[in-house]
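A.B. asks: Okay, so here is final-v6.csv, and as you'll see once you scroll down, it has CSV, C-alpha atoms and all ligand atoms.
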chain,number,residue,atom,x,y,z
A,122,MET,CA,-76.5,71.4,-162.5
A,123,SER,CA,-73.3,71.6,-160.4
A,124,LYS,CA,-73.6,72.9,-156.9
A,125,PRO,CA,-72.0,76.2,-155.9
A,126,LYS,CA,-68.5,75.8,-154.6
A,127,ILE,CA,-67.9,77.1,-151.1
A,128,ALA,CA,-64.5,77.5,-149.5
A,129,ILE,CA,-63.7,78.4,-145.8
A,130,PHE,CA,-60.3,79.8,-144.8
A,131,GLU,CA,-58.9,81.4,-141.8
A,132,PHE,CA,-56.2,83.9,-140.9
A,133,THR,CA,-55.2,84.9,-137.4
A,134,ASP,CA,-58.0,84.1,-134.9
A,135,CYS,CA,-59.1,81.4,-132.4
A,136,GLU,CA,-61.2,79.4,-134.9
A,137,GLY,CA,-64.2,79.7,-132.6
A,138,CYS,CA,-66.4,80.9,-135.5
A,139,GLU,CA,-65.5,77.8,-137.6
A,140,VAL,CA,-66.3,75.6,-134.6
A,141,GLU,CA,-69.8,77.3,-134.7
A,142,ILE,CA,-70.1,76.0,-138.2
A,143,VAL,CA,-69.1,72.5,-137.2
A,144,SER,CA,-71.6,72.7,-134.4
A,145,LEU,CA,-74.4,73.0,-137.0
A,146,ARG,CA,-74.1,69.1,-137.1
A,147,GLU,CA,-77.1,67.7,-139.1
A,148,LYS,CA,-77.9,71.2,-140.5
A,149,LEU,CA,-74.4,71.3,-142.0
A,150,LEU,CA,-75.2,68.0,-143.8
A,151,VAL,CA,-78.4,69.4,-145.1
A,152,LEU,CA,-76.5,72.5,-146.3
A,153,GLU,CA,-74.0,70.2,-148.0
A,154,LYS,CA,-76.8,68.8,-150.2
A,155,ARG,CA,-77.1,72.2,-151.7
A,156,VAL,CA,-73.5,73.3,-151.9
A,157,ASP,CA,-70.0,71.7,-152.3
A,158,ILE,CA,-67.6,72.7,-149.6
A,159,VAL,CA,-64.5,72.2,-151.7
A,160,ASN,CA,-61.9,73.7,-149.4
A,161,TRP,CA,-62.1,73.7,-145.6
A,162,ARG,CA,-58.9,72.9,-143.7
A,163,LEU,CA,-60.6,72.5,-140.3
A,164,GLY,CA,-63.5,70.3,-141.6
A,165,GLN,CA,-62.1,68.0,-144.2
A,166,GLU,CA,-58.9,66.3,-145.7
A,167,ASN,CA,-59.4,66.8,-149.4
A,168,ASN,CA,-59.3,70.4,-150.5
A,169,GLN,CA,-59.4,71.9,-153.9
A,170,PRO,CA,-57.8,75.1,-155.3
A,171,GLY,CA,-60.0,78.0,-156.5
A,172,PRO,CA,-61.9,79.5,-158.2
A,173,TYR,CA,-64.8,79.5,-155.7
A,174,ASP,CA,-68.3,80.7,-155.9
A,175,VAL,CA,-68.4,81.8,-152.2
A,176,THR,CA,-65.4,82.1,-150.0
A,177,ILE,CA,-65.9,82.6,-146.2
A,178,ILE,CA,-62.9,84.0,-144.3
A,179,GLU,CA,-62.5,83.9,-140.6
A,180,GLY,CA,-59.8,85.9,-138.8
A,181,THR,CA,-57.6,88.7,-140.2
A,182,PRO,CA,-54.1,88.9,-141.7
A,183,ILE,CA,-51.3,89.9,-139.4
A,184,THR,CA,-48.4,89.6,-141.9
A,185,GLN,CA,-47.9,90.9,-145.4
A,186,ASP,CA,-47.8,87.3,-146.7
A,187,GLU,CA,-51.3,86.8,-145.3
A,188,VAL,CA,-52.5,90.0,-146.9
A,189,ASP,CA,-51.2,88.7,-150.3
A,190,ARG,CA,-53.0,85.4,-149.7
A,191,LEU,CA,-56.2,87.3,-148.9
A,192,LYS,CA,-55.9,89.3,-152.1
A,193,LYS,CA,-55.4,86.1,-154.1
A,194,LEU,CA,-58.5,84.6,-152.5
A,195,ARG,CA,-60.5,87.7,-153.4
A,196,GLU,CA,-59.4,87.3,-157.1
A,197,GLU,CA,-60.5,83.7,-157.0
A,198,SER,CA,-63.9,84.3,-155.4
A,199,LYS,CA,-67.2,85.5,-156.8
A,200,VAL,CA,-68.5,86.3,-153.3
A,201,LEU,CA,-66.3,86.9,-150.3
A,202,ILE,CA,-67.8,86.9,-146.8
A,203,GLY,CA,-66.1,87.9,-143.5
A,204,LEU,CA,-66.9,85.5,-140.7
A,205,GLY,CA,-66.8,86.8,-137.1
A,206,ALA,CA,-65.5,89.9,-135.3
A,207,CYS,CA,-61.8,89.2,-136.2
A,208,ALA,CA,-62.6,89.3,-139.9
A,209,CYS,CA,-65.3,92.0,-139.7
A,210,LEU,CA,-63.7,94.4,-137.2
A,211,GLY,CA,-60.1,93.3,-136.5
A,212,GLY,CA,-61.5,91.7,-133.4
A,213,ILE,CA,-59.3,90.0,-130.9
A,214,PRO,CA,-56.0,90.3,-132.8
A,215,ALA,CA,-56.7,94.1,-132.9
A,216,ILE,CA,-56.9,94.5,-129.2
A,217,ILE,CA,-53.1,94.9,-128.9
A,218,ASP,CA,-51.9,98.4,-127.9
A,219,THR,CA,-50.0,99.1,-131.2
A,220,LYS,CA,-47.9,101.8,-129.5
A,221,LYS,CA,-46.4,99.2,-127.2
A,222,ARG,CA,-45.9,96.5,-129.9
A,223,LYS,CA,-42.1,97.0,-130.1
A,224,GLU,CA,-41.8,96.9,-126.4
A,225,PHE,CA,-43.8,93.6,-126.2
A,226,TYR,CA,-41.7,92.0,-129.0
A,227,LYS,CA,-38.5,92.9,-127.1
A,228,LYS,CA,-39.8,91.5,-123.8
A,229,ILE,CA,-41.1,88.3,-125.3
A,230,TYR,CA,-38.6,87.5,-128.2
A,231,GLY,CA,-35.5,89.4,-127.2
A,232,GLU,CA,-33.5,92.2,-128.9
A,233,LYS,CA,-32.5,90.2,-132.0
A,234,TYR,CA,-36.0,89.4,-133.2
A,235,LYS,CA,-37.1,91.0,-136.4
A,236,PRO,CA,-40.8,91.4,-136.3
A,237,ARG,CA,-42.9,90.6,-139.4
A,238,GLY,CA,-46.3,91.5,-137.9
A,239,ILE,CA,-48.6,94.3,-139.1
A,240,ASP,CA,-51.5,95.8,-137.2
A,241,ALA,CA,-54.7,93.6,-137.4
A,242,MET,CA,-57.3,95.4,-139.4
A,243,PRO,CA,-60.8,94.3,-140.7
A,244,LEU,CA,-60.6,92.4,-144.0
A,245,ALA,CA,-62.3,95.3,-145.7
A,246,ALA,CA,-59.1,97.4,-145.2
A,247,TYR,CA,-57.5,95.2,-147.9
A,248,VAL,CA,-60.1,93.8,-150.2
A,249,LYS,CA,-63.8,94.2,-151.1
A,250,VAL,CA,-65.9,92.2,-148.8
A,251,ASP,CA,-69.4,91.4,-150.0
A,252,PHE,CA,-71.0,90.6,-146.6
A,253,LEU,CA,-70.0,90.4,-142.9
A,254,ILE,CA,-71.3,87.8,-140.5
A,255,HIS,CA,-70.8,89.5,-137.2
A,256,GLY,CA,-70.2,88.1,-133.7
A,257,CYS,CA,-67.5,86.7,-131.4
A,258,PRO,CA,-68.3,83.9,-132.1
A,259,VAL,CA,-70.9,84.2,-134.9
A,260,ASN,CA,-74.4,82.8,-134.5
A,261,ASN,CA,-74.3,79.7,-136.6
A,262,GLN,CA,-78.0,80.2,-137.7
A,263,GLU,CA,-76.8,83.4,-139.2
A,264,VAL,CA,-74.3,81.5,-141.4
A,265,VAL,CA,-77.2,79.3,-142.6
A,266,ARG,CA,-79.4,82.3,-143.3
A,267,ILE,CA,-76.7,84.2,-145.3
A,268,ILE,CA,-75.8,81.1,-147.4
A,269,SER,CA,-79.5,80.4,-148.0
A,270,GLU,CA,-80.1,84.0,-149.1
A,271,LEU,CA,-77.2,83.7,-151.6
A,272,LEU,CA,-78.4,80.4,-152.9
A,273,ALA,CA,-81.9,81.9,-153.5
A,274,GLY,CA,-80.2,84.6,-155.6
A,275,ARG,CA,-81.0,87.3,-153.0
A,276,THR,CA,-78.6,89.9,-151.4
A,277,PRO,CA,-78.4,89.2,-147.7
A,278,GLN,CA,-79.5,92.1,-145.5
A,279,TYR,CA,-78.1,93.2,-142.2
A,280,ARG,CA,-80.3,93.4,-139.1
A,281,GLY,CA,-81.7,96.9,-138.9
A,282,TYR,CA,-82.0,97.0,-135.1
A,283,SER,CA,-79.6,97.3,-132.1
A,284,VAL,CA,-78.9,94.8,-129.4
A,285,CYS,CA,-81.2,96.9,-127.2
A,286,PHE,CA,-84.2,95.6,-129.2
A,287,GLU,CA,-83.4,92.0,-128.4
A,288,CYS,CA,-82.4,92.9,-124.8
A,289,LYS,CA,-85.9,94.4,-124.3
A,290,GLN,CA,-87.4,91.3,-125.9
A,291,ALA,CA,-85.4,89.2,-123.4
A,292,GLY,CA,-86.9,91.2,-120.5
A,293,ASN,CA,-83.6,92.5,-119.2
A,294,GLU,CA,-83.4,95.5,-117.0
A,295,CYS,CA,-81.3,98.2,-118.8
A,296,ARG,CA,-77.8,98.5,-117.5
A,297,LEU,CA,-77.5,102.2,-118.4
A,298,LEU,CA,-80.5,103.0,-116.2
A,299,ASN,CA,-78.5,101.4,-113.4
A,300,LYS,CA,-75.4,103.5,-114.3
A,301,LYS,CA,-73.5,100.5,-115.7
A,302,PRO,CA,-71.8,100.9,-119.1
A,303,CYS,CA,-73.1,99.0,-122.2
A,304,LEU,CA,-72.6,99.4,-125.9
A,305,GLY,CA,-75.9,97.8,-126.9
A,306,PRO,CA,-77.5,100.9,-128.3
A,307,ILE,CA,-74.9,101.3,-131.0
A,308,THR,CA,-74.4,97.6,-131.7
A,309,GLN,CA,-76.1,95.6,-134.4
A,310,GLY,CA,-78.5,93.0,-133.2
A,311,GLY,CA,-78.4,89.3,-134.0
A,312,CYS,CA,-77.0,87.7,-130.8
A,313,ASN,CA,-80.3,87.8,-128.8
A,314,ALA,CA,-78.5,90.0,-126.2
A,315,VAL,CA,-76.8,86.9,-124.9
A,316,CYS,CA,-74.2,88.8,-122.8
A,317,ILE,CA,-76.7,91.1,-121.0
A,318,SER,CA,-79.0,88.2,-120.3
A,319,GLY,CA,-76.0,86.4,-118.8
A,320,GLY,CA,-75.2,89.4,-116.5
A,321,SER,CA,-72.4,91.0,-118.7
A,322,PRO,CA,-72.3,94.2,-120.7
A,323,CYS,CA,-72.4,94.4,-124.5
A,324,TYR,CA,-68.9,95.1,-125.8
A,325,GLY,CA,-70.1,95.5,-129.4
A,326,CYS,CA,-68.8,92.3,-131.0
A,327,PHE,CA,-71.5,92.5,-133.7
A,328,GLY,CA,-70.1,95.9,-134.9
A,329,ASN,CA,-71.8,99.3,-135.1
A,330,ARG,CA,-75.3,99.2,-136.5
A,331,GLU,CA,-76.2,101.4,-139.4
A,332,GLY,CA,-76.9,104.9,-138.2
A,333,ALA,CA,-75.5,104.2,-134.7
A,334,GLU,CA,-75.7,107.3,-132.5
A,335,VAL,CA,-72.2,106.9,-131.0
A,336,LYS,CA,-72.0,110.5,-129.8
A,337,ASN,CA,-75.3,110.2,-127.9
A,338,LEU,CA,-74.2,107.0,-126.2
A,339,LEU,CA,-70.8,108.7,-125.3
A,340,LYS,CA,-72.7,111.5,-123.5
A,341,ILE,CA,-74.5,108.9,-121.4
A,342,LEU,CA,-71.3,106.9,-120.7
A,343,ASN,CA,-69.5,110.0,-119.7
A,344,LYS,CA,-72.0,110.6,-116.9
A,345,ILE,CA,-71.7,107.0,-115.8
A,346,THR,CA,-67.9,106.3,-115.8
A,347,ASP,CA,-64.5,107.7,-116.6
A,348,GLN,CA,-62.7,108.0,-120.0
A,349,LYS,CA,-60.3,105.1,-119.2
A,350,GLU,CA,-63.3,102.7,-118.8
A,351,ILE,CA,-65.0,104.1,-121.9
A,352,ASP,CA,-61.8,103.5,-123.9
A,353,ARG,CA,-61.6,100.0,-122.5
A,354,TYR,CA,-65.1,99.2,-123.7
A,355,PHE,CA,-64.4,100.5,-127.2
A,356,SER,CA,-61.0,98.8,-127.4
A,357,MET,CA,-62.6,95.3,-127.2
A,358,PHE,CA,-64.0,95.2,-130.7
A,359,LEU,CA,-64.4,98.7,-132.1
A,360,ASN,CA,-61.0,100.2,-132.0
A,361,ARG,CA,-60.4,99.7,-135.7
A,362,THR,CA,-63.7,101.0,-136.8
A,363,LYS,CA,-64.7,104.7,-137.2
A,364,ASN,CA,-66.9,105.8,-134.3
A,401,LIG,S1,-64.5,86.4,-133.8
A,401,LIG,FE1,-64.2,85.6,-131.8
A,401,LIG,S2,-64.7,83.4,-131.9
A,401,LIG,FE2,-64.5,84.2,-134.0
A,401,LIG,S3,-62.4,83.6,-134.6
A,401,LIG,FE3,-62.4,85.7,-133.8
A,401,LIG,S4,-61.9,85.5,-131.6
A,401,LIG,FE4,-62.6,83.5,-132.3
A,402,LIG,S1,-78.7,96.8,-121.1
A,402,LIG,FE1,-77.5,97.4,-122.9
A,402,LIG,S2,-78.4,96.3,-124.6
A,402,LIG,FE2,-79.9,96.2,-122.9
A,402,LIG,S3,-81.3,97.9,-123.3
A,402,LIG,FE3,-79.7,98.6,-121.9
A,402,LIG,S4,-78.2,99.5,-123.2
A,402,LIG,FE4,-79.5,98.2,-124.5
A,403,LIG,S1,-74.3,91.4,-126.4
A,403,LIG,FE1,-72.9,92.6,-127.5
A,403,LIG,S2,-70.9,91.7,-127.0
A,403,LIG,FE2,-72.4,90.2,-126.4
A,403,LIG,S3,-72.7,88.8,-128.2
A,403,LIG,FE3,-74.2,90.5,-128.4
A,403,LIG,S4,-73.1,92.0,-129.7
A,403,LIG,FE4,-71.6,90.7,-128.9
Please express what this file holds, its structure, as structure tokens.
Ligand code: SF4
Ligand code: SF4
Ligand code: SF4

C.D. replies:
Amino acid sequence: MSKPKIAIFEFTDCEGCEVEIVSLREKLLVLEKRVDIVNWRLGQENNQPGPYDVTIIEGTPITQDEVDRLKKLREESKVLIGLGACACLGGIPAIIDTKKRKEFYKKIYGEKYKPRGIDAMPLAAYVKVDFLIHGCPVNNQEVVRIISELLAGRTPQYRGYSVCFECKQAGNECRLLNKKPCLGPITQGGCNAVCISGGSPCYGCFGNREGAEVKNLLKILNKITDQKEIDRYFSMFLNRTKN
């Protein structure tokens, strides 16, 4: 029986999530015994055109040409997966203040430059996405888990808990209790609360968890800090998602 054909593509991003896949090392070789990675620009020289059984897409389109390419990949793929915050949420390319886009273009490229760029959006703004692997970067074990679930004929499930759950497991003191902002309560778990354990807040790179009580968190944040700071927190990863 032929093995499922997997393809990995990227649009605008830093490629950090693909590097996470590379860093699977021996586990990637084990995975390759069960699937054929038939197209992966970053990982191999010989690449095949579609159709594909599973297409994993990192990054997000920022030109109409890229949107068209994404739509073609969707047509060629049985299952399409978004890899990382840029694909799932708009991520780093979406941090730009779109109201100042024209001003930035003028400053950087001069008056004559004709911009082709469009606002970075999550992949789901353009095509049906079957599953999102969250994170900036993703947790590479999560990539293995999702592919293994698909190979077993199961529909992968999202983590049903917030970053706070893992933060408590890690034994961290809650930042909110110390009047420091944190988006952990509304953010999907899966990163083992790595930022908080390292002394930083959660900026929500795993996206909103299902049933996130955003309004309740905002009430707390409003008592801790000002609107400008709250906007800054939400603009890191969540400014293209509905809050
Ligand atoms: S999600 Fe983060 S690590 Fe992954 S491609 Fe985007 S910026 Fe890079
Ligand atoms: S520090 Fe953040 S992630 Fe940890 S428990 Fe408090 S709110 Fe949740
Ligand atoms: S703590 Fe928050 S910002 Fe940090 S990796 Fe986890 S979800 Fe992302």

A.B. asks: Which of these, A:Ile216, A:Ile254, A:Leu191, A:Val259, has the shortest distance to Tyr279 of chain A once you count only C-alpha atoms?

C.D. replies: A:Ile254

A.B. asks: So which one's closest to ligand LIG 403 (chain A), A:Asn329, A:Thr276, A:Asn261, A:Asn299? Using only C-alpha atoms and all ligand atoms, please.

C.D. replies: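 Of the candidates, the smallest distance to ligand LIG 403 (chain A) is held by A:Asn329.
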
A.B. asks: Calculated over all atoms listed in the file, which of the candidates A:Ile268, A:Leu163, A:Ile177, A:Cys288 has the smallest distance to ligand LIG 403 (chain A)?

C.D. replies: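 Under the stated criterion, the closest residue is A:Cys288.
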
A.B. asks: Got a sec to check which residues sit within 7 Å of (-82.3, 92.0, -120.2), counting all atoms listed in the file, and write them as a list in words?

C.D. replies: Cys288, Lys289, Ala291, Gly292, Asn293, Glu294, Cys295, Ile317 and Ser318 of chain A

A.B. asks: Using Å and a single decimal, report how far atom CA of Gly281 of chain A sits from atom CA of Gly320 of chain A.

C.D. replies: 24.5 Å

A.B. asks: So that I can check the surroundings of Arg266 of chain A, please list as a list in words every protein, DNA and RNA residue that reaches within 12 Å of it, counting all atoms listed in the file and ignoring chain neighbours fewer than 2 positions away.

C.D. replies: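 These residues fall inside the cut-off: Lys148, Leu152, Ile254, Asn260, Asn261, Gln262, Glu263, Val264, Ile268, Ser269, Glu270, Leu271, Leu272, Ala273, Arg275, Thr276, Pro277, Gln278, Tyr279, Arg280 and Gly311 of chain A.
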
A.B. asks: Within 12 Å of ligand LIG 403 (chain A) (counting all atoms listed in the file), which residues show up? I'd like them as a PyMOL selection string.

C.D. replies: chain A and resi 205-206+212+254-260+280+282-288+291+293+296+302-330+354-355+357-359

A.B. asks: Please save C-alpha atoms of the selected residues as a CSV table (one decimal), in the frame of the given file.

C.D. replies:
chain,number,residue,atom,x,y,z
A,205,GLY,CA,-66.8,86.8,-137.1
A,206,ALA,CA,-65.5,89.9,-135.3
A,212,GLY,CA,-61.5,91.7,-133.4
A,254,ILE,CA,-71.3,87.8,-140.5
A,255,HIS,CA,-70.8,89.5,-137.2
A,256,GLY,CA,-70.2,88.1,-133.7
A,257,CYS,CA,-67.5,86.7,-131.4
A,258,PRO,CA,-68.3,83.9,-132.1
A,259,VAL,CA,-70.9,84.2,-134.9
A,260,ASN,CA,-74.4,82.8,-134.5
A,280,ARG,CA,-80.3,93.4,-139.1
A,282,TYR,CA,-82.0,97.0,-135.1
A,283,SER,CA,-79.6,97.3,-132.1
A,284,VAL,CA,-78.9,94.8,-129.4
A,285,CYS,CA,-81.2,96.9,-127.2
A,286,PHE,CA,-84.2,95.6,-129.2
A,287,GLU,CA,-83.4,92.0,-128.4
A,288,CYS,CA,-82.4,92.9,-124.8
A,291,ALA,CA,-85.4,89.2,-123.4
A,293,ASN,CA,-83.6,92.5,-119.2
A,296,ARG,CA,-77.8,98.5,-117.5
A,302,PRO,CA,-71.8,100.9,-119.1
A,303,CYS,CA,-73.1,99.0,-122.2
A,304,LEU,CA,-72.6,99.4,-125.9
A,305,GLY,CA,-75.9,97.8,-126.9
A,306,PRO,CA,-77.5,100.9,-128.3
A,307,ILE,CA,-74.9,101.3,-131.0
A,308,THR,CA,-74.4,97.6,-131.7
A,309,GLN,CA,-76.1,95.6,-134.4
A,310,GLY,CA,-78.5,93.0,-133.2
A,311,GLY,CA,-78.4,89.3,-134.0
A,312,CYS,CA,-77.0,87.7,-130.8
A,313,ASN,CA,-80.3,87.8,-128.8
A,314,ALA,CA,-78.5,90.0,-126.2
A,315,VAL,CA,-76.8,86.9,-124.9
A,316,CYS,CA,-74.2,88.8,-122.8
A,317,ILE,CA,-76.7,91.1,-121.0
A,318,SER,CA,-79.0,88.2,-120.3
A,319,GLY,CA,-76.0,86.4,-118.8
A,320,GLY,CA,-75.2,89.4,-116.5
A,321,SER,CA,-72.4,91.0,-118.7
A,322,PRO,CA,-72.3,94.2,-120.7
A,323,CYS,CA,-72.4,94.4,-124.5
A,324,TYR,CA,-68.9,95.1,-125.8
A,325,GLY,CA,-70.1,95.5,-129.4
A,326,CYS,CA,-68.8,92.3,-131.0
A,327,PHE,CA,-71.5,92.5,-133.7
A,328,GLY,CA,-70.1,95.9,-134.9
A,329,ASN,CA,-71.8,99.3,-135.1
A,330,ARG,CA,-75.3,99.2,-136.5
A,354,TYR,CA,-65.1,99.2,-123.7
A,355,PHE,CA,-64.4,100.5,-127.2
A,357,MET,CA,-62.6,95.3,-127.2
A,358,PHE,CA,-64.0,95.2,-130.7
A,359,LEU,CA,-64.4,98.7,-132.1

A.B. asks: Using all atoms listed in the file, which of A:Val151, A:Leu204, A:Ile158, A:Ala245 sits nearest ligand LIG 401 (chain A)?

C.D. replies: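 Closest to ligand LIG 401 (chain A), using all atoms listed in the file: A:Leu204.
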
A.B. asks: Quick one: residues within 10 Å of (-53.3, 85.3, -149.3) (file frame), counting only C-alpha atoms, please, as a VMD selection string.

C.D. replies: chain A and resid 130 132 182 184 to 195

A.B. asks: In Å to one decimal, how far is atom CA of Ile129 of chain A from atom CA of Asp251 of chain A?

C.D. replies: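 Computing the Euclidean distance for atom CA of Asp251 of chain A and atom CA of Ile129 of chain A yields 14.8 Å.
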
A.B. asks: Build an axis-aligned box that encloses every atom of ligand LIG 401 (chain A) listed in the file, pad it by 4 Å on each side, and report its centre and edge lengths in Å to one decimal, as AutoDock Vina command-line options.

C.D. replies:
--center_x -63.3 --center_y 84.9 --center_z -133.1 --size_x 10.8 --size_y 11.0 --size_z 11.0

A.B. asks: Could you check how far atom CA of Ser123 of chain A sits from atom CA of Val140 of chain A, in Å to one decimal?

C.D. replies: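 So the answer is 27.0 Å.
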
A.B. asks: Point out the residue among A:Ile202, A:Leu297, A:Ile217, A:Ile345 with the least atom-to-atom distance to ligand LIG 402 (chain A), counting only C-alpha atoms and all ligand atoms.

C.D. replies: A:Leu297

A.B. asks: Could you tell me which of A:Lys124, A:Lys154, A:Lys300, A:Lys344 comes closest to ligand LIG 402 (chain A) if we count all atoms listed in the file?

C.D. replies: A:Lys300

A.B. asks: What lies within 9 Å of Val159 of chain A using all atoms listed in the file, ignoring chain neighbours under 2 positions off, as a PyMOL selection string?

C.D. replies: chain A and resi 126-129+157+161+165+167-171+173

A.B. asks: How would segment 340-355 of chain A read, as a tab-separated table (two decimals), keeping the file's coordinate frame, once N, CA, C and O atoms are built in?

C.D. replies:
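Contents of the output file part_18.tsv:
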chain	number	residue	atom	x	y	z
A	340	LYS	N	-72.26	110.52	-124.53
A	340	LYS	CA	-72.70	111.50	-123.50
A	340	LYS	C	-73.25	110.78	-122.30
A	340	LYS	O	-72.99	111.19	-121.17
A	341	ILE	N	-73.96	109.68	-122.53
A	341	ILE	CA	-74.50	108.90	-121.40
A	341	ILE	C	-73.35	108.24	-120.62
A	341	ILE	O	-73.28	108.29	-119.39
A	342	LEU	N	-72.43	107.61	-121.39
A	342	LEU	CA	-71.30	106.90	-120.70
A	342	LEU	C	-70.45	107.84	-119.91
A	342	LEU	O	-69.96	107.48	-118.84
A	343	ASN	N	-70.28	109.07	-120.42
A	343	ASN	CA	-69.50	110.00	-119.70
A	343	ASN	C	-70.06	110.40	-118.33
A	343	ASN	O	-69.36	110.80	-117.41
A	344	LYS	N	-71.39	110.28	-118.21
A	344	LYS	CA	-72.00	110.60	-116.90
A	344	LYS	C	-71.93	109.37	-115.98
A	344	LYS	O	-72.11	109.50	-114.77
A	345	ILE	N	-71.68	108.19	-116.56
A	345	ILE	CA	-71.70	107.00	-115.80
A	345	ILE	C	-70.28	106.58	-115.28
A	345	ILE	O	-70.09	106.10	-114.17
A	346	THR	N	-69.28	106.79	-116.16
A	346	THR	CA	-67.90	106.30	-115.80
A	346	THR	C	-66.86	107.22	-116.40
A	346	THR	O	-67.17	108.24	-117.01
A	347	ASP	N	-65.57	106.84	-116.19
A	347	ASP	CA	-64.50	107.70	-116.60
A	347	ASP	C	-63.99	107.33	-118.03
A	347	ASP	O	-64.35	106.28	-118.56
A	348	GLN	N	-63.14	108.19	-118.61
A	348	GLN	CA	-62.70	108.00	-120.00
A	348	GLN	C	-61.91	106.67	-120.15
A	348	GLN	O	-62.03	105.98	-121.17
A	349	LYS	N	-61.13	106.32	-119.12
A	349	LYS	CA	-60.30	105.10	-119.20
A	349	LYS	C	-61.24	103.87	-119.42
A	349	LYS	O	-60.97	103.00	-120.24
A	350	GLU	N	-62.31	103.86	-118.66
A	350	GLU	CA	-63.30	102.70	-118.80
A	350	GLU	C	-63.98	102.74	-120.11
A	350	GLU	O	-64.18	101.69	-120.73
A	351	ILE	N	-64.33	103.95	-120.57
A	351	ILE	CA	-65.00	104.10	-121.90
A	351	ILE	C	-64.05	103.54	-122.97
A	351	ILE	O	-64.44	102.75	-123.83
A	352	ASP	N	-62.78	103.96	-122.90
A	352	ASP	CA	-61.80	103.50	-123.90
A	352	ASP	C	-61.66	101.99	-123.85
A	352	ASP	O	-61.52	101.33	-124.88
A	353	ARG	N	-61.71	101.43	-122.66
A	353	ARG	CA	-61.60	100.00	-122.50
A	353	ARG	C	-62.75	99.27	-123.23
A	353	ARG	O	-62.56	98.30	-123.96
A	354	TYR	N	-63.94	99.81	-123.06
A	354	TYR	CA	-65.10	99.20	-123.70
A	354	TYR	C	-64.95	99.24	-125.24
A	354	TYR	O	-65.19	98.24	-125.93
A	355	PHE	N	-64.52	100.42	-125.77
A	355	PHE	CA	-64.40	100.50	-127.20
A	355	PHE	C	-63.22	99.78	-127.78
A	355	PHE	O	-63.18	99.45	-128.97
